[in-house]
Amino acid sequence: MDSKIMKCSMNGHEEKNAIKFCIECSIFMCHQCFNHHKGLFDDKHHLLDITENDDNIFTGLCTEENHSNKLDHFCKTHNQLCCISCIGTNGKHNNCQFCKIEDIKEEKKENLEKNMKALDGISNNLKESLIKLKDFSEKIEEQKEELKSKIMKTMTSIRNKLNEREDELLSNLESKFLDIYPSESIIQEYERLPKKISELLKKRNNVDKKLDDNFFLNSYVNDCINIEKDFQKIKEINDSINKYDLNSKKEIYFFP
């Protein structure tokens with residue numbers, strides 16, 4: 001899906017691409033409007049750069065239809081930021097558990113530290129686990145090929161009578177390996193973990209800069225939420241490998 005180019009909020013400038021967003025004024029600005037804004041307000045603290053065609057830029061405002069309120073509430077049920085209209089009578093979070101954003105700050109900070117600590121543990125063991133995993137994968141691939149060869153040689157002598165049985169054995173063999181050993185797709189996901197962890201750690205380092213600034217409080221919690229989701233994906237990939245015993249190789253035998 002192509003990203004949406006943000007446009008200027010000024011009447012008459014709707015066709016011009018925005019280069020800045022002002023958190024305090026809640027407006028997108030083109031080059032011309034930004035120069036006027038800069039002349040009126042010298043505070044750069046509330047300006048966000050729009051360096052890419054990104055329709056997901058975090059403005060601190062609710063993106064629900066007909067909502068333009070500040071994201072100052074947190075929905076515990078859906079783990080996301082929401083505005084006062086979202087939790088109102090007709091809002092989609094009106095039946096959810098919610099709280100003021102200030103009330104979730106410490107919990108998100110605690111979860112962030114907890115997740116980063118667990119992430120350090122995954123990162124420290126990742127290199128050694130990757131070496132074992134690749135070696136393990138090569139060995140089980142050899143075993144699988146040997147078993148295939150035995151099955152096919154045996155079945156050749158009785159193919160006229162047992163063609164259906166041969167197909168069944170080969171199918172069962174593939175299923176058995178999928179049940180016991182990690183698939184190639186899981187291994188590929190695991191190989192991408194170092195890069196994902198590195199990106200997540202960089203993202204985490206930028207989060208604390210917003211922690212003590214009330215103007216960026218909802219942005220801080222939003223970042224924490226995104227990091228939680230990214231961490232959960234990394235943990236799931238790591239857990240999918242940890243369920244296999246990489247220190248021992250289970251033998252599967254074929255008896256003609």
# chains A, B, ... in the order shown; residues from 1 in each chain; ligands from 1
call {"tool": "select_by_dssp", "arguments": {"residues": "region 21-193 of chain A", "states": "helix (DSSP H, G or I)", "output": "ChimeraX atom specification"}}
result
/A:31-40,44-46,101-156,159-180,184-191,193
call {"tool": "select_by_dssp", "arguments": {"residues": "region 66-100 of chain A", "states": "strand (DSSP E)", "output": "list in words"}}
result
His73, Phe74, Cys75, Gln80, Leu81, Cys82, Phe98, Cys99 and Lys100 of chain A
call {"tool": "write_last_selection", "arguments": {"atoms": "C-alpha atoms", "output": "mmCIF file, in the first residue's frame"}}
result
data_model
loop_
_atom_site.group_PDB
_atom_site.id
_atom_site.type_symbol
_atom_site.label_atom_id
_atom_site.label_comp_id
_atom_site.auth_asym_id
_atom_site.auth_seq_id
_atom_site.Cartn_x
_atom_site.Cartn_y
_atom_site.Cartn_z
ATOM 1 C CA HIS A 73 -6.141 8.412 27.426
ATOM 2 C CA PHE A 74 -4.997 4.796 27.335
ATOM 3 C CA CYS A 75 -7.226 1.800 26.539
ATOM 4 C CA GLN A 80 -3.495 1.639 22.624
ATOM 5 C CA LEU A 81 -3.807 5.395 22.980
ATOM 6 C CA CYS A 82 -7.200 7.037 22.545
ATOM 7 C CA PHE A 98 -9.176 2.893 30.215
ATOM 8 C CA CYS A 99 -7.231 5.430 32.243
ATOM 9 C CA LYS A 100 -5.515 8.780 31.891
#
call {"tool": "atom_distance", "arguments": {"atom1": "CA of Leu162 (chain A)", "atom2": "CA of Ile140 (chain A)"}}
result
27.2 Å
call {"tool": "residues_around", "arguments": {"residues": "Asn206 (chain A)", "least_positions_apart": "4", "cutoff": "12 Å", "atoms": "only C-alpha atoms", "output": "number ranges by chain"}}
result
A: 199-202, 210-211, 219-220, 223-224, 227
call {"tool": "write_last_selection", "arguments": {"atoms": "C-alpha atoms", "output": "mmCIF file, in the first residue's frame"}}
result
data_model
loop_
_atom_site.group_PDB
_atom_site.id
_atom_site.type_symbol
_atom_site.label_atom_id
_atom_site.label_comp_id
_atom_site.auth_asym_id
_atom_site.auth_seq_id
_atom_site.Cartn_x
_atom_site.Cartn_y
_atom_site.Cartn_z
ATOM 1 C CA GLU A 199 16.840 -1.897 15.456
ATOM 2 C CA LEU A 200 14.725 -2.319 18.569
ATOM 3 C CA LEU A 201 17.600 -1.332 20.862
ATOM 4 C CA LYS A 202 18.187 1.831 18.796
ATOM 5 C CA LYS A 210 10.604 11.992 25.622
ATOM 6 C CA LEU A 211 10.018 10.560 29.099
ATOM 7 C CA SER A 219 4.453 9.848 22.045
ATOM 8 C CA TYR A 220 6.556 8.133 24.706
ATOM 9 C CA ASP A 223 6.701 4.234 21.392
ATOM 10 C CA CYS A 224 6.595 1.914 24.405
ATOM 11 C CA ILE A 227 8.419 -1.602 21.276
#
call {"tool": "residues_around", "arguments": {"residues": "Cys96 (chain A)", "least_positions_apart": "3", "cutoff": "9 Å", "atoms": "only C-alpha atoms", "output": "count of residues only"}}
result
7
call {"tool": "closest_atom_pairs", "arguments": {"of": "region 134-248 of chain A", "to": "region 107-115 of chain A", "cutoff": "12 Å", "atoms": "only C-alpha atoms", "output": "CSV"}}
result
residue,atom,partner,partner_atom,distance
A:Ile197,CA,A:Asn115,CA,11.5
A:Leu200,CA,A:Asn115,CA,10.7
A:Leu201,CA,A:Asn115,CA,10.6
A:Lys203,CA,A:Leu112,CA,11.4
A:Arg204,CA,A:Leu112,CA,8.3
A:Asn205,CA,A:Leu112,CA,11.1
A:Val207,CA,A:Leu112,CA,9.8
A:Asp208,CA,A:Lys109,CA,9.2
A:Lys210,CA,A:Lys109,CA,11.7
A:Leu211,CA,A:Lys109,CA,8.8
A:Asp212,CA,A:Lys109,CA,11.6
A:Leu217,CA,A:Lys108,CA,11.3
A:Asn218,CA,A:Lys108,CA,11.2
A:Tyr220,CA,A:Lys108,CA,9.1
A:Val221,CA,A:Lys108,CA,6.7
A:Asn222,CA,A:Lys108,CA,9.6
A:Asp223,CA,A:Lys108,CA,9.7
A:Cys224,CA,A:Lys108,CA,6.3
A:Ile225,CA,A:Lys108,CA,7.7
A:Asn226,CA,A:Leu112,CA,10.4
A:Ile227,CA,A:Leu112,CA,7.6
A:Glu228,CA,A:Leu112,CA,7.1
A:Lys229,CA,A:Asn115,CA,10.3
A:Asp230,CA,A:Asn115,CA,10.1
A:Phe231,CA,A:Asn115,CA,6.9
A:Gln232,CA,A:Asn115,CA,8.7
A:Lys233,CA,A:Asn115,CA,11.8
A:Ile234,CA,A:Asn115,CA,10.6
A:Lys235,CA,A:Asn115,CA,9.5
call {"tool": "write_last_selection", "arguments": {"atoms": "N, CA and C atoms", "output": "CSV table (one decimal), in the first residue's frame"}}
result
chain,number,residue,atom,x,y,z
A,197,ILE,N,16.8,-7.1,16.6
A,197,ILE,CA,17.1,-6.7,18.0
A,197,ILE,C,17.9,-5.4,18.0
A,200,LEU,N,15.6,-2.6,17.4
A,200,LEU,CA,14.7,-2.3,18.6
A,200,LEU,C,15.5,-1.6,19.7
A,201,LEU,N,16.8,-2.0,19.8
A,201,LEU,CA,17.6,-1.3,20.9
A,201,LEU,C,17.8,0.1,20.5
A,203,LYS,N,15.8,2.0,18.8
A,203,LYS,CA,14.5,2.6,19.0
A,203,LYS,C,14.3,2.9,20.5
A,204,ARG,N,14.7,2.0,21.3
A,204,ARG,CA,14.6,2.1,22.8
A,204,ARG,C,15.4,3.3,23.3
A,205,ASN,N,16.6,3.5,22.7
A,205,ASN,CA,17.5,4.5,23.2
A,205,ASN,C,16.9,5.9,22.9
A,207,VAL,N,13.7,6.6,23.0
A,207,VAL,CA,12.4,6.7,23.8
A,207,VAL,C,12.6,7.6,25.0
A,208,ASP,N,13.7,7.4,25.8
A,208,ASP,CA,13.8,8.1,27.1
A,208,ASP,C,13.9,9.6,26.9
A,210,LYS,N,12.0,11.4,25.5
A,210,LYS,CA,10.6,12.0,25.6
A,210,LYS,C,10.0,11.8,27.0
A,211,LEU,N,10.6,11.0,27.9
A,211,LEU,CA,10.0,10.6,29.1
A,211,LEU,C,9.6,11.7,30.0
A,212,ASP,N,10.4,12.7,30.2
A,212,ASP,CA,10.1,13.7,31.2
A,212,ASP,C,9.5,15.0,30.5
A,217,LEU,N,4.6,13.0,26.1
A,217,LEU,CA,4.2,11.9,27.0
A,217,LEU,C,3.4,10.9,26.2
A,218,ASN,N,2.5,11.3,25.4
A,218,ASN,CA,1.7,10.3,24.6
A,218,ASN,C,2.6,9.7,23.6
A,220,TYR,N,5.7,9.1,24.0
A,220,TYR,CA,6.6,8.1,24.7
A,220,TYR,C,5.8,6.8,24.9
A,221,VAL,N,4.6,6.9,25.4
A,221,VAL,CA,3.8,5.7,25.6
A,221,VAL,C,3.5,5.0,24.3
A,222,ASN,N,3.3,5.8,23.2
A,222,ASN,CA,3.0,5.1,21.9
A,222,ASN,C,4.3,4.3,21.5
A,223,ASP,N,5.5,4.9,21.7
A,223,ASP,CA,6.7,4.2,21.4
A,223,ASP,C,6.9,3.0,22.2
A,224,CYS,N,6.5,3.1,23.5
A,224,CYS,CA,6.6,1.9,24.4
A,224,CYS,C,5.7,0.8,23.9
A,225,ILE,N,4.5,1.2,23.5
A,225,ILE,CA,3.5,0.2,22.9
A,225,ILE,C,4.1,-0.5,21.7
A,226,ASN,N,4.7,0.3,20.8
A,226,ASN,CA,5.3,-0.3,19.6
A,226,ASN,C,6.4,-1.2,19.9
A,227,ILE,N,7.3,-0.8,20.9
A,227,ILE,CA,8.4,-1.6,21.3
A,227,ILE,C,7.9,-2.9,21.9
A,228,GLU,N,6.9,-2.8,22.7
A,228,GLU,CA,6.3,-4.0,23.3
A,228,GLU,C,5.9,-5.0,22.2
A,229,LYS,N,5.2,-4.5,21.2
A,229,LYS,CA,4.8,-5.4,20.1
A,229,LYS,C,5.9,-6.0,19.4
A,230,ASP,N,7.0,-5.1,19.1
A,230,ASP,CA,8.1,-5.7,18.4
A,230,ASP,C,8.9,-6.7,19.2
A,231,PHE,N,8.9,-6.4,20.5
A,231,PHE,CA,9.6,-7.4,21.4
A,231,PHE,C,8.8,-8.7,21.4
A,232,GLN,N,7.5,-8.6,21.5
A,232,GLN,CA,6.7,-9.8,21.5
A,232,GLN,C,7.0,-10.7,20.3
A,233,LYS,N,7.1,-10.1,19.1
A,233,LYS,CA,7.4,-10.8,17.9
A,233,LYS,C,8.7,-11.5,17.9
A,234,ILE,N,9.7,-10.7,18.5
A,234,ILE,CA,11.1,-11.3,18.6
A,234,ILE,C,11.0,-12.5,19.6
A,235,LYS,N,10.3,-12.3,20.7
A,235,LYS,CA,10.2,-13.4,21.7
A,235,LYS,C,9.6,-14.6,21.1
call {"tool": "closest_residue", "arguments": {"among": "A:Lys105, A:Ile187, A:Asp72, A:Met10", "to": "Ile131 (chain A)", "atoms": "only C-alpha atoms"}}
result
A:Ile187
